[in-house]
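Dropping run_33.tsv in here (TSV, C-alpha atoms):
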chain	number	residue	atom	x	y	z
Y	971	MET	CA	-43.40	57.43	-36.13
Y	972	GLU	CA	-42.60	60.48	-38.27
Y	973	ALA	CA	-39.26	62.27	-37.81
Y	974	GLY	CA	-39.58	64.82	-35.02
Y	975	GLY	CA	-42.91	63.34	-33.88
Y	976	PRO	CA	-43.73	62.19	-30.36
Y	977	ASP	CA	-41.98	59.04	-29.06
Y	978	ARG	CA	-45.01	56.88	-28.29
Y	979	ILE	CA	-42.91	53.76	-27.63
Y	980	SER	CA	-41.11	55.40	-24.70
Y	981	ASP	CA	-44.48	56.14	-23.12
Y	982	LEU	CA	-45.07	52.42	-22.65
Y	983	PRO	CA	-44.37	50.91	-19.21
Y	984	ASP	CA	-41.22	48.79	-18.75
Y	985	SER	CA	-43.29	45.60	-18.43
Y	986	VAL	CA	-44.80	46.07	-21.90
Y	987	LEU	CA	-41.44	46.99	-23.45
Y	988	GLY	CA	-39.96	43.87	-21.88
Y	989	GLU	CA	-42.62	41.68	-23.47
Y	990	ILE	CA	-41.91	43.27	-26.87
Y	991	ILE	CA	-38.15	42.74	-26.49
Y	992	SER	CA	-38.69	39.09	-25.55
Y	993	LEU	CA	-40.39	38.49	-28.90
Y	994	LEU	CA	-37.36	39.71	-30.87
Y	995	PRO	CA	-34.58	37.38	-32.12
Y	996	THR	CA	-31.75	37.07	-29.61
Y	997	LYS	CA	-29.31	39.45	-31.32
Y	998	GLU	CA	-31.91	42.13	-31.98
Y	999	GLY	CA	-33.19	41.93	-28.42
Y	1000	ALA	CA	-29.70	42.43	-27.01
Y	1001	LYS	CA	-29.09	45.41	-29.33
Y	1002	THR	CA	-31.97	47.35	-27.76
Y	1003	GLN	CA	-29.60	48.10	-24.84
Y	1004	ILE	CA	-27.89	50.82	-26.93
Y	1005	LEU	CA	-31.06	52.72	-27.86
Y	1006	ALA	CA	-31.20	54.97	-24.81
Y	1007	PRO	CA	-30.25	54.93	-21.09
Y	1008	ARG	CA	-33.75	53.73	-20.18
Y	1009	TRP	CA	-33.36	50.68	-22.43
Y	1010	ARG	CA	-30.00	49.63	-20.98
Y	1011	ASN	CA	-31.40	47.26	-18.39
Y	1012	LEU	CA	-34.67	46.29	-20.09
Y	1013	TRP	CA	-33.25	43.36	-22.06
Y	1014	ARG	CA	-31.60	41.86	-18.96
Y	1015	SER	CA	-34.88	41.86	-17.07
Y	1016	ALA	CA	-37.24	41.01	-19.98
Y	1017	PRO	CA	-38.33	37.36	-20.37
Y	1018	LEU	CA	-35.34	35.74	-22.08
Y	1019	ASN	CA	-35.62	34.58	-25.69
Y	1020	LEU	CA	-32.34	32.74	-26.30
Y	1021	ASP	CA	-31.78	30.98	-29.64
Y	1022	CYS	CA	-28.31	29.39	-29.84
Y	1023	TYR	CA	-28.56	28.97	-33.59
Y	1024	ASP	CA	-29.16	32.70	-33.96
Y	1025	LEU	CA	-25.77	33.31	-32.28
Y	1026	ILE	CA	-23.67	31.19	-34.63
Y	1027	THR	CA	-20.88	33.19	-36.27
Y	1028	SER	CA	-17.64	32.33	-38.02
Y	1029	LEU	CA	-15.75	33.69	-35.01
Y	1030	GLY	CA	-17.37	32.21	-32.15
Y	1031	ASP	CA	-17.19	30.24	-29.01
Y	1032	VAL	CA	-20.98	30.11	-29.06
Y	1033	ALA	CA	-21.17	27.92	-25.96
Y	1034	GLY	CA	-19.22	30.58	-24.09
Y	1035	VAL	CA	-21.55	33.31	-25.36
Y	1036	VAL	CA	-24.60	31.34	-24.22
Y	1037	SER	CA	-23.08	30.81	-20.77
Y	1038	ARG	CA	-22.29	34.53	-20.43
Y	1039	ILE	CA	-25.83	35.54	-21.45
Y	1040	LEU	CA	-27.36	33.16	-18.93
Y	1041	SER	CA	-25.07	34.34	-16.13
Y	1042	SER	CA	-25.86	38.03	-16.77
Y	1043	HIS	CA	-29.61	37.79	-17.39
Y	1044	GLN	CA	-32.04	38.12	-14.49
Y	1045	GLY	CA	-34.73	35.92	-16.01
Y	1046	PRO	CA	-37.38	34.66	-16.21
Y	1047	GLY	CA	-37.16	32.63	-19.40
Y	1048	ARG	CA	-39.58	32.66	-22.30
Y	1049	CYS	CA	-37.86	30.52	-24.93
Y	1050	PHE	CA	-34.58	28.57	-25.04
Y	1051	ARG	CA	-33.56	26.90	-28.29
Y	1052	ILE	CA	-30.55	24.59	-28.56
Y	1053	LEU	CA	-30.89	23.35	-32.13
Y	1054	ARG	CA	-29.19	20.54	-34.00
Y	1055	GLY	CA	-27.36	22.93	-36.36
Y	1056	PHE	CA	-25.41	24.27	-33.35
Y	1057	ARG	CA	-22.48	21.92	-32.52
Y	1058	ASP	CA	-20.17	23.93	-30.25
Y	1059	TYR	CA	-21.31	22.36	-26.98
Y	1060	GLU	CA	-21.37	19.19	-24.87
Y	1061	ALA	CA	-24.08	17.42	-22.88
Y	1062	ALA	CA	-22.52	18.89	-19.72
Y	1063	ASN	CA	-23.16	22.39	-21.12
Y	1064	VAL	CA	-26.83	21.53	-21.53
Y	1065	ASP	CA	-27.19	20.37	-17.92
Y	1066	SER	CA	-25.55	23.56	-16.67
Y	1067	TRP	CA	-27.65	25.85	-18.87
Y	1068	LEU	CA	-30.93	24.25	-17.82
Y	1069	GLN	CA	-30.13	24.96	-14.17
Y	1070	SER	CA	-29.61	28.69	-14.74
Y	1071	PRO	CA	-32.06	31.07	-13.00
Y	1072	ALA	CA	-32.23	32.97	-16.32
Y	1073	VAL	CA	-34.52	30.26	-17.72
Y	1074	ASP	CA	-36.83	29.97	-14.69
Y	1075	ASN	CA	-40.49	29.50	-15.67
Y	1076	LEU	CA	-39.52	28.61	-19.25
Y	1077	GLN	CA	-42.45	28.38	-21.68
Y	1078	GLU	CA	-40.73	26.99	-24.78
Y	1079	LEU	CA	-37.75	24.62	-24.91
Y	1080	ARG	CA	-36.18	23.20	-28.06
Y	1081	LEU	CA	-33.47	20.92	-26.75
Y	1082	SER	CA	-31.14	19.04	-29.11
Y	1083	TYR	CA	-28.26	17.21	-27.51
Y	1084	PRO	CA	-24.98	17.00	-29.49
Y	1085	ARG	CA	-25.01	13.94	-31.73
Y	1086	LYS	CA	-21.79	11.96	-31.89
Y	1087	ILE	CA	-21.25	9.11	-34.33
Y	1088	GLN	CA	-21.16	5.62	-32.80
Y	1089	SER	CA	-21.76	6.78	-29.26
Y	1090	GLU	CA	-24.68	6.24	-26.92
Y	1091	LEU	CA	-27.36	8.88	-26.72
Y	1092	PRO	CA	-26.95	11.18	-23.71
Y	1093	LEU	CA	-29.56	11.00	-20.97
Y	1094	LEU	CA	-32.20	13.72	-20.77
Y	1095	SER	CA	-31.16	15.94	-17.88
Y	1096	GLU	CA	-33.32	15.79	-14.77
Y	1097	SER	CA	-33.16	19.59	-14.84
Y	1098	PHE	CA	-35.82	19.36	-17.54
Y	1099	LEU	CA	-38.32	18.51	-14.80
Y	1100	ARG	CA	-38.09	21.95	-13.24
Y	1101	PHE	CA	-39.98	23.40	-16.22
Y	1102	SER	CA	-42.78	20.85	-16.03
Y	1103	THR	CA	-45.41	23.27	-14.72
Y	1104	THR	CA	-44.67	26.11	-17.17
Y	1105	LEU	CA	-43.71	24.52	-20.52
Y	1106	ARG	CA	-46.13	25.08	-23.39
Y	1107	VAL	CA	-43.93	23.97	-26.30
Y	1108	ALA	CA	-41.18	21.32	-26.10
Y	1109	THR	CA	-38.86	19.71	-28.64
Y	1110	ILE	CA	-36.53	16.99	-27.35
Y	1111	GLU	CA	-33.94	15.59	-29.72
Y	1112	HIS	CA	-31.03	13.11	-29.72
Y	1113	CYS	CA	-31.28	11.77	-26.19
Y	1114	HIS	CA	-32.33	8.82	-24.05
Y	1115	LEU	CA	-35.52	9.26	-22.01
Y	1116	LEU	CA	-35.22	7.14	-18.89
Y	1117	ASP	CA	-38.34	5.40	-17.61
Y	1118	SER	CA	-37.69	6.82	-14.14
Y	1119	ILE	CA	-38.02	10.37	-15.48
Y	1120	VAL	CA	-40.76	9.89	-18.05
Y	1121	GLN	CA	-43.22	7.76	-16.12
Y	1122	GLY	CA	-43.77	10.38	-13.44
Y	1123	LEU	CA	-43.75	13.32	-15.84
Y	1124	GLN	CA	-46.64	15.79	-15.64
Y	1125	LEU	CA	-46.77	18.69	-18.12
Y	1126	PRO	CA	-50.13	20.34	-17.40
Y	1127	GLN	CA	-49.68	23.30	-19.80
Y	1128	LEU	CA	-47.84	21.59	-22.68
Y	1129	ARG	CA	-49.65	22.04	-26.00
Y	1130	GLN	CA	-46.98	21.08	-28.55
Y	1131	LEU	CA	-44.48	18.22	-28.21
Y	1132	THR	CA	-41.83	16.95	-30.61
Y	1133	LEU	CA	-39.74	13.84	-29.89
Y	1134	SER	CA	-37.00	13.48	-32.50
Y	1135	ASN	CA	-34.41	10.69	-32.55
Y	1136	VAL	CA	-35.05	9.79	-28.95
Y	1137	TRP	CA	-34.80	6.44	-27.20
Y	1138	ILE	CA	-37.99	5.83	-25.24
Y	1139	SER	CA	-39.47	2.53	-24.09
Y	1140	GLU	CA	-42.87	1.25	-25.14
Y	1141	CYS	CA	-44.13	1.31	-21.56
Y	1142	SER	CA	-43.10	4.95	-21.12
Y	1143	ILE	CA	-44.41	6.65	-24.24
Y	1144	PRO	CA	-48.10	6.33	-23.18
Y	1145	HIS	CA	-47.15	8.03	-19.88
Y	1146	VAL	CA	-45.80	11.00	-21.82
Y	1147	ILE	CA	-49.11	11.53	-23.61
Y	1148	ALA	CA	-51.20	10.88	-20.50
Y	1149	GLY	CA	-49.10	13.42	-18.59
Y	1150	CYS	CA	-50.00	16.18	-21.08
Y	1151	PRO	CA	-53.75	16.74	-20.55
Y	1152	VAL	CA	-54.00	19.74	-22.93
Y	1153	LEU	CA	-51.59	18.49	-25.62
Y	1154	GLU	CA	-52.80	19.54	-29.09
Y	1155	CYS	CA	-49.90	18.74	-31.45
Y	1156	LEU	CA	-47.63	15.68	-31.26
Y	1157	MET	CA	-44.69	14.98	-33.57
Y	1158	ILE	CA	-42.68	11.72	-33.42
Y	1159	ILE	CA	-39.61	11.76	-35.70
Y	1160	ASP	CA	-37.32	8.73	-36.16
Y	1161	SER	CA	-37.61	7.72	-32.51
Y	1162	PHE	CA	-37.17	4.12	-31.42
Y	1163	SER	CA	-37.12	1.41	-28.72
Y	1164	PHE	CA	-40.89	1.05	-28.97
Y	1165	ARG	CA	-42.85	-0.96	-31.53
Y	1166	CYS	CA	-46.37	0.32	-31.05
Y	1167	LEU	CA	-47.82	3.69	-30.10
Y	1168	ARG	CA	-51.46	3.81	-28.97
Y	1169	ILE	CA	-53.09	7.22	-28.92
Y	1170	ASN	CA	-55.75	7.89	-26.31
Y	1171	SER	CA	-56.16	11.63	-25.93
Y	1172	ILE	CA	-59.17	13.88	-25.77
Y	1173	SER	CA	-57.11	16.99	-26.61
Y	1174	LEU	CA	-54.87	16.05	-29.56
Y	1175	ARG	CA	-55.74	17.83	-32.83
Y	1176	SER	CA	-52.66	17.05	-34.96
Y	1177	ILE	CA	-50.27	14.08	-35.10
Y	1178	GLY	CA	-47.23	13.71	-37.33
Y	1179	VAL	CA	-44.98	10.65	-37.47
Y	1180	ARG	CA	-41.82	9.77	-39.36
Y	1181	ALA	CA	-40.55	6.25	-38.72
Y	1182	GLU	CA	-37.14	5.33	-40.10
Y	1183	TYR	CA	-35.35	2.01	-39.59
Y	1184	HIS	CA	-32.72	1.83	-36.81
Y	1185	GLU	CA	-30.41	-1.15	-37.04
Y	1186	ASP	CA	-30.20	-3.36	-33.93
Y	1187	GLU	CA	-33.02	-1.44	-32.27
Y	1188	LEU	CA	-36.72	-2.02	-31.62
Y	1189	ASN	CA	-38.39	0.03	-34.36
Y	1190	PHE	CA	-41.63	1.98	-34.51
Y	1191	GLU	CA	-43.95	-0.19	-36.64
Y	1192	GLU	CA	-47.53	0.49	-35.58
Y	1193	LEU	CA	-49.58	3.58	-34.78
Y	1194	ILE	CA	-53.07	3.00	-33.40
Y	1195	ILE	CA	-55.49	5.88	-32.94
Y	1196	GLU	CA	-57.73	4.27	-30.34
Y	1197	ASN	CA	-59.60	7.28	-28.98
Y	1198	ALA	CA	-58.92	10.78	-30.32
Y	1199	PRO	CA	-62.23	12.64	-30.49
Y	1200	CYS	CA	-60.62	15.99	-31.45
Y	1201	LEU	CA	-58.02	14.71	-33.94
Y	1202	GLU	CA	-58.21	16.62	-37.23
Y	1203	LYS	CA	-54.84	15.95	-38.87
Y	1204	LEU	CA	-52.83	12.71	-39.09
Y	1205	LEU	CA	-49.67	12.80	-41.18
Y	1206	HIS	CA	-47.30	9.94	-41.97
Y	1207	LEU	CA	-44.39	12.00	-43.23
Y	1208	CYS	CA	-42.09	9.40	-44.77
Y	1209	ASP	CA	-42.40	6.66	-47.35
Y	1210	GLY	CA	-39.66	4.61	-45.68
Y	1211	GLY	CA	-40.06	2.13	-42.83
Y	1212	ALA	CA	-43.01	-0.19	-42.43
Y	1213	LEU	CA	-45.50	1.73	-40.34
Y	1214	HIS	CA	-49.02	0.35	-40.06
Y	1215	VAL	CA	-51.55	3.06	-39.22
Y	1216	SER	CA	-54.92	2.17	-37.66
Y	1217	VAL	CA	-57.72	4.63	-37.00
Y	1218	ILE	CA	-60.34	3.26	-34.62
Y	1219	PHE	CA	-62.00	6.42	-33.31
Y	1220	ALA	CA	-61.23	9.88	-34.71
Y	1221	PRO	CA	-64.60	11.33	-35.76
Y	1222	LYS	CA	-63.19	14.78	-36.64
Y	1223	LEU	CA	-60.29	13.57	-38.80
Y	1224	GLU	CA	-60.13	15.85	-41.86
Y	1225	THR	CA	-56.56	15.60	-43.17
Y	1226	MET	CA	-54.54	12.41	-43.52
Y	1227	ARG	CA	-51.28	11.76	-45.29
Y	1228	CYS	CA	-50.27	8.15	-45.78
Y	1229	SER	CA	-47.51	6.35	-47.60
Y	1230	SER	CA	-47.94	4.94	-51.09
Y	1231	ASP	CA	-45.41	2.20	-50.30
Y	1232	PRO	CA	-46.99	-1.19	-51.14
Y	1233	THR	CA	-45.88	-2.75	-47.84
Y	1234	LYS	CA	-47.93	-0.33	-45.73
Y	1235	LYS	CA	-51.38	-0.84	-44.24
Y	1236	ILE	CA	-54.03	1.67	-43.32
Y	1237	SER	CA	-56.97	0.57	-41.22
Y	1238	PHE	CA	-60.26	2.30	-40.46
Y	1239	GLY	CA	-61.63	0.16	-37.66
Y	1240	ALA	CA	-61.78	-3.37	-39.03
Y	1241	MET	CA	-61.47	-2.28	-42.67
Y	1242	VAL	CA	-57.90	-2.83	-43.92
Y	1243	ILE	CA	-56.39	-1.34	-47.05
Y	1244	GLN	CA	-53.06	-2.84	-48.08
Y	1245	SER	CA	-51.14	-3.32	-51.28
Y	1246	SER	CA	-49.27	-6.46	-52.19
Y	1247	SER	CA	-45.52	-6.10	-52.79
Y	1248	SER	CA	-45.39	-8.80	-55.44
Y	1249	GLY	CA	-46.91	-8.72	-58.89
Y	1250	GLU	CA	-49.79	-6.38	-59.67
Y	1251	PRO	CA	-50.76	-4.60	-56.45
Y	1252	LYS	CA	-54.26	-5.23	-55.20
Y	1253	ASN	CA	-56.10	-4.21	-52.10
Y	1254	LEU	CA	-57.00	-6.64	-49.37
Y	1255	TRP	CA	-60.46	-5.96	-47.98
Y	1256	LEU	CA	-61.91	-7.65	-44.91
Y	1257	ARG	CA	-65.24	-8.18	-46.60
Y	1258	LYS	CA	-66.85	-9.72	-43.54
Y	1259	HIS	CA	-66.74	-6.17	-42.10
Y	1260	LYS	CA	-68.23	-4.52	-45.16
Y	1261	ASN	CA	-70.94	-2.87	-43.02
Y	1262	PHE	CA	-68.36	-1.15	-40.81
Y	1263	ILE	CA	-68.48	2.05	-42.83
Y	1264	SER	CA	-72.22	2.34	-42.26
Y	1265	TYR	CA	-71.57	3.07	-38.60
Y	1266	HIS	CA	-68.31	5.09	-38.83
Y	1267	ASP	CA	-68.17	8.25	-40.90
Y	1268	ILE	CA	-64.90	9.16	-42.62
Y	1269	ARG	CA	-64.65	12.89	-42.07
Y	1270	LEU	CA	-61.88	13.64	-44.59
Y	1271	LYS	CA	-62.64	16.80	-46.57
Y	1272	LYS	CA	-59.77	16.88	-49.05
Y	1273	ILE	CA	-57.86	13.98	-50.61
Y	1274	VAL	CA	-54.84	14.38	-52.86
Y	1275	PHE	CA	-53.38	11.24	-54.43
Y	1276	LYS	CA	-49.81	11.72	-55.60
Y	1277	THR	CA	-48.66	9.88	-58.75
Y	1278	TYR	CA	-51.92	8.20	-59.71
Y	1279	ARG	CA	-51.23	5.71	-62.53
Y	1280	GLY	CA	-54.50	3.83	-62.48
Y	1281	THR	CA	-53.27	0.46	-61.20
Y	1282	GLY	CA	-55.79	-1.92	-59.68
Y	1283	SER	CA	-54.62	-1.09	-56.16
Y	1284	GLN	CA	-54.89	2.63	-56.74
Y	1285	VAL	CA	-58.33	2.37	-58.30
Y	1286	SER	CA	-59.60	0.34	-55.32
Y	1287	PHE	CA	-58.06	2.73	-52.81
Y	1288	VAL	CA	-59.52	5.86	-54.40
Y	1289	THR	CA	-62.90	4.22	-55.01
Y	1290	PHE	CA	-63.14	3.36	-51.31
Y	1291	PHE	CA	-63.16	7.06	-50.47
Y	1292	VAL	CA	-65.30	8.04	-53.46
Y	1293	LEU	CA	-68.05	5.75	-52.21
Y	1294	ASN	CA	-67.68	6.29	-48.46
Y	1295	ALA	CA	-66.36	9.77	-47.61
Y	1296	ARG	CA	-69.65	11.57	-47.08
Y	1297	VAL	CA	-68.32	15.05	-46.25
Y	1298	LEU	CA	-65.56	15.11	-48.87
Y	1299	GLU	CA	-65.18	18.52	-50.52
Y	1300	SER	CA	-62.31	17.94	-52.94
Y	1301	MET	CA	-60.40	15.03	-54.47
Y	1302	ILE	CA	-57.36	15.61	-56.69
Y	1303	LEU	CA	-55.43	12.89	-58.50
Y	1304	GLN	CA	-51.97	13.88	-59.71
Y	1305	ILE	CA	-51.20	12.08	-62.99
Y	1306	GLU	CA	-48.20	11.93	-65.31
Y	1307	ALA	CA	-48.23	14.16	-68.38
Y	1308	THR	CA	-48.30	11.09	-70.65
Y	1309	ASN	CA	-51.69	10.12	-69.16
Y	1310	ASP	CA	-53.23	13.56	-69.60
Y	1311	LYS	CA	-55.43	12.35	-72.44
Y	1312	GLU	CA	-59.19	12.24	-72.68
Y	1313	GLU	CA	-59.21	8.46	-73.24
Y	1314	PHE	CA	-57.33	7.80	-69.95
Y	1315	LEU	CA	-59.37	10.37	-68.03
Y	1316	ALA	CA	-62.75	9.08	-69.25
Y	1317	LYS	CA	-61.78	5.48	-68.54
Y	1318	HIS	CA	-60.80	6.24	-64.96
Y	1319	ARG	CA	-63.81	8.40	-64.24
Y	1320	ARG	CA	-65.85	5.27	-64.98
Y	1321	LYS	CA	-63.58	2.95	-62.97
Y	1322	LEU	CA	-63.69	5.23	-59.95
Y	1323	GLN	CA	-67.51	5.33	-60.05
Y	1324	LEU	CA	-67.59	9.10	-59.77
Y	1325	GLU	CA	-71.27	9.17	-60.60
Y	1326	ASN	CA	-71.86	7.39	-57.26
Y	1327	MET	CA	-69.80	9.69	-55.02
Y	1328	ALA	CA	-71.03	9.63	-51.42
Y	1329	SER	CA	-70.46	13.39	-51.20
Y	1330	ARG	CA	-72.60	14.91	-53.93
Y	1331	GLY	CA	-71.00	18.33	-53.69
Y	1332	ALA	CA	-67.38	17.14	-53.91
Y	1333	GLN	CA	-65.13	18.53	-56.64
Y	1334	PHE	CA	-63.02	15.97	-58.54
Y	1335	GLN	CA	-59.94	16.82	-60.59
Y	1336	PHE	CA	-57.09	15.17	-62.49
Y	1337	THR	CA	-53.97	17.33	-62.66
Y	1338	THR	CA	-50.36	17.15	-63.82
Y	1339	ASP	CA	-49.30	19.81	-61.31
Y	1340	GLU	CA	-47.32	19.00	-58.16
Y	1341	CYS	CA	-49.92	19.13	-55.39
Y	1342	VAL	CA	-48.17	17.86	-52.28
Y	1343	ARG	CA	-45.70	20.00	-50.38
Y	1344	ASN	CA	-42.27	18.74	-49.32
Y	1345	VAL	CA	-42.99	16.94	-46.06
Y	1346	TRP	CA	-39.35	17.11	-44.95
Y	1347	SER	CA	-39.98	20.74	-44.06
Y	1348	ILE	CA	-42.51	19.57	-41.46
Y	1349	ASP	CA	-40.11	18.66	-38.66
Y	1350	ASP	CA	-41.64	20.22	-35.58
Y	1351	ALA	CA	-45.01	20.18	-33.84
Y	1352	ARG	CA	-45.34	23.96	-34.25
Y	1353	VAL	CA	-45.05	23.60	-38.04
Y	1354	LEU	CA	-47.36	20.59	-37.99
Y	1355	ASP	CA	-50.11	22.67	-36.47
Y	1356	LEU	CA	-49.94	25.23	-39.29
Y	1357	ALA	CA	-48.87	23.07	-42.22
Y	1358	ASP	CA	-51.09	22.83	-45.28
Y	1359	LEU	CA	-49.92	19.76	-47.13
Y	1360	PHE	CA	-51.68	20.70	-50.30
Y	1361	ALA	CA	-50.26	23.19	-52.75
Y	1362	CYS	CA	-53.17	23.05	-55.19

If you took the structure in this file and wrote it as structure tokens, what would it be?
Amino acid sequence: MEAGGPDRISDLPDSVLGEIISLLPTKEGAKTQILAPRWRNLWRSAPLNLDCYDLITSLGDVAGVVSRILSSHQGPGRCFRILRGFRDYEAANVDSWLQSPAVDNLQELRLSYPRKIQSELPLLSESFLRFSTTLRVATIEHCHLLDSIVQGLQLPQLRQLTLSNVWISECSIPHVIAGCPVLECLMIIDSFSFRCLRINSISLRSIGVRAEYHEDELNFEELIIENAPCLEKLLHLCDGGALHVSVIFAPKLETMRCSSDPTKKISFGAMVIQSSSSGEPKNLWLRKHKNFISYHDIRLKKIVFKTYRGTGSQVSFVTFFVLNARVLESMILQIEATNDKEEFLAKHRRKLQLENMASRGAQFQFTTDECVRNVWSIDDARVLDLADLFAC
């Protein structure tokens, strides 16, 4: 708006201005109260967007500020974020905040309980259940999910779910997925007390997992994609742990990140690819199922292999996709600068049987550039949905 021109924003109805305010960061939204008399009460009645991390200052009793905002706001709630970088609170604060009318009809909740060394994880508050019909995005972190709460949980509008450092039993985690009929993005980060996760979902499009070892706990060791007809992205985001990934039915799978650790296995149906941890790595192929690939298309469109050195295991792994990925558009092998020589490149073009690529239009490239983004920045289902792993 030019200086002295008409004030078009003030012509908007209060309901529209409230929606705009609710999209602003917490501090900026609150500051709109000083713009003009008409704006004084808009923030208090607009859908609340409350980010505790955004309130952190060097001065502050942030927990007290959050409590005062919730007690003065009329609601409803749009988004409430209690993030792990915010430490000035207790589990009792969380229970109280979640019961506030200011967060009625909440659509997005990022809930991180305070983490205390050598103490048991706090229980997820039953107050969480009151948002079950309205939540669209949920992140739950550093807590214990009781079977009695989880197994009856129904989240009919939830589209993005992140479970980070949570204790959840193996019998309960399938109930979580089954209770989210429109779930599109699922992120499991360093969670435990279950060994195997079986995915059966007709709505999931993206899955990300990070499985670290927890001493004296039942650890996440196996991910099985049994039936995921819409799954497009499957990312194993850590090279630690010992996660075995199996893909039985995911006909639309286009992006997959897997570990290069020699103790890991990746399975497509009955076809197993695994490296040996002793001596020269070599792939183990279930040759009696060699016709499996004839009946199951691998839909990957882009493959980037980080740190390709040309070992026997790596050659076999890459060749598998060269010969069988029929819709592949691009394959990039990142090599060390010392191997960027025509002799090495020509030798491995022959070994990889590039002249017999199943996808005739695929582009193949060796590069010394870093092509894979830092996966530690992918720590939430919202980021997972947008993340492009490939920087080249």

Quick one: everything within 9 Å of Glu1187 of chain Y, counting only C-alpha atoms, minus sequence neighbours fewer than 4 positions away in the same chain. Send it as a PDB file with C-alpha atoms, keeping the file's coordinate frame.
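Resulting contents of around.pdb:
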ATOM      1  CA  PHE Y1162     -37.170   4.120 -31.420  1.00  0.00           C
ATOM      2  CA  SER Y1163     -37.120   1.410 -28.720  1.00  0.00           C
ATOM      3  CA  PHE Y1164     -40.890   1.050 -28.970  1.00  0.00           C
ATOM      4  CA  TYR Y1183     -35.350   2.010 -39.590  1.00  0.00           C
TER       5      TYR Y1183
END

Which is closer to Ala1307 of chain Y than all the others in Y:Asn1011, Y:Tyr1278, Y:Ser1066, Y:Val1285, using only C-alpha atoms?
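Nearest to Ala1307 of chain Y: Y:Tyr1278.
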
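Picture a line from atom CA of Met1226 of chain Y to atom CA of Ile1110 of chain Y; it runs 24.6 Å.
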
Which neighbours of Thr1338 of chain Y fall inside 9 Å, counting all atoms listed in the file, when residues of the same chain fewer than 5 positions from it are skipped, and could you give them as a ChimeraX atom specification?
/Y:1303-1307,1309-1310

Quick one: residues within 12 Å of (-28.1, 32.8, -30.3) (file frame), counting all atoms listed in the file, please, as a PDB file with C-alpha atoms, in the coordinates of the input.
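Written out: point37.pdb:
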ATOM      1  CA  LEU Y 994     -37.360  39.710 -30.870  1.00  0.00           C
ATOM      2  CA  PRO Y 995     -34.580  37.380 -32.120  1.00  0.00           C
ATOM      3  CA  THR Y 996     -31.750  37.070 -29.610  1.00  0.00           C
ATOM      4  CA  LYS Y 997     -29.310  39.450 -31.320  1.00  0.00           C
ATOM      5  CA  GLU Y 998     -31.910  42.130 -31.980  1.00  0.00           C
ATOM      6  CA  GLY Y 999     -33.190  41.930 -28.420  1.00  0.00           C
ATOM      7  CA  ALA Y1000     -29.700  42.430 -27.010  1.00  0.00           C
ATOM      8  CA  LEU Y1018     -35.340  35.740 -22.080  1.00  0.00           C
ATOM      9  CA  ASN Y1019     -35.620  34.580 -25.690  1.00  0.00           C
ATOM     10  CA  LEU Y1020     -32.340  32.740 -26.300  1.00  0.00           C
ATOM     11  CA  ASP Y1021     -31.780  30.980 -29.640  1.00  0.00           C
ATOM     12  CA  CYS Y1022     -28.310  29.390 -29.840  1.00  0.00           C
ATOM     13  CA  TYR Y1023     -28.560  28.970 -33.590  1.00  0.00           C
ATOM     14  CA  ASP Y1024     -29.160  32.700 -33.960  1.00  0.00           C
ATOM     15  CA  LEU Y1025     -25.770  33.310 -32.280  1.00  0.00           C
ATOM     16  CA  ILE Y1026     -23.670  31.190 -34.630  1.00  0.00           C
ATOM     17  CA  THR Y1027     -20.880  33.190 -36.270  1.00  0.00           C
ATOM     18  CA  GLY Y1030     -17.370  32.210 -32.150  1.00  0.00           C
ATOM     19  CA  ASP Y1031     -17.190  30.240 -29.010  1.00  0.00           C
ATOM     20  CA  VAL Y1032     -20.980  30.110 -29.060  1.00  0.00           C
ATOM     21  CA  ALA Y1033     -21.170  27.920 -25.960  1.00  0.00           C
ATOM     22  CA  GLY Y1034     -19.220  30.580 -24.090  1.00  0.00           C
ATOM     23  CA  VAL Y1035     -21.550  33.310 -25.360  1.00  0.00           C
ATOM     24  CA  VAL Y1036     -24.600  31.340 -24.220  1.00  0.00           C
ATOM     25  CA  SER Y1037     -23.080  30.810 -20.770  1.00  0.00           C
ATOM     26  CA  ARG Y1038     -22.290  34.530 -20.430  1.00  0.00           C
ATOM     27  CA  ILE Y1039     -25.830  35.540 -21.450  1.00  0.00           C
ATOM     28  CA  LEU Y1040     -27.360  33.160 -18.930  1.00  0.00           C
ATOM     29  CA  CYS Y1049     -37.860  30.520 -24.930  1.00  0.00           C
ATOM     30  CA  PHE Y1050     -34.580  28.570 -25.040  1.00  0.00           C
ATOM     31  CA  ARG Y1051     -33.560  26.900 -28.290  1.00  0.00           C
ATOM     32  CA  ILE Y1052     -30.550  24.590 -28.560  1.00  0.00           C
ATOM     33  CA  LEU Y1053     -30.890  23.350 -32.130  1.00  0.00           C
ATOM     34  CA  GLY Y1055     -27.360  22.930 -36.360  1.00  0.00           C
ATOM     35  CA  PHE Y1056     -25.410  24.270 -33.350  1.00  0.00           C
ATOM     36  CA  ASP Y1058     -20.170  23.930 -30.250  1.00  0.00           C
TER      37      ASP Y1058
END

Just the residues within 9 Å of His1184 of chain Y, please, counting all atoms listed in the file, with nothing from its chain fewer than 5 positions along; format it as a PyMOL selection string.
chain Y and resi 1160-1162+1189

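From atom CA of Glu1313 of chain Y back to atom CA of Phe1290 of chain Y, the distance works out to 22.9 Å.
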
Contact residues around Gly1178 of chain Y with all atoms listed in the file at 7 Å, ignoring same-chain residues under 3 positions, as a list in words
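Here the qualifying residues turn out to be Leu1156, Met1157, Ile1158, Leu1204, Leu1205, His1206, Leu1207 and Leu1354 of chain Y.
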
Can you pull out every residue within 10 Å of Arg1010 of chain Y, counting all atoms listed in the file, but drop anything in the same chain fewer than 6 positions away, and send it as JSON, numbers by chain?
{"Y": [1000, 1001, 1002, 1003, 1004]}
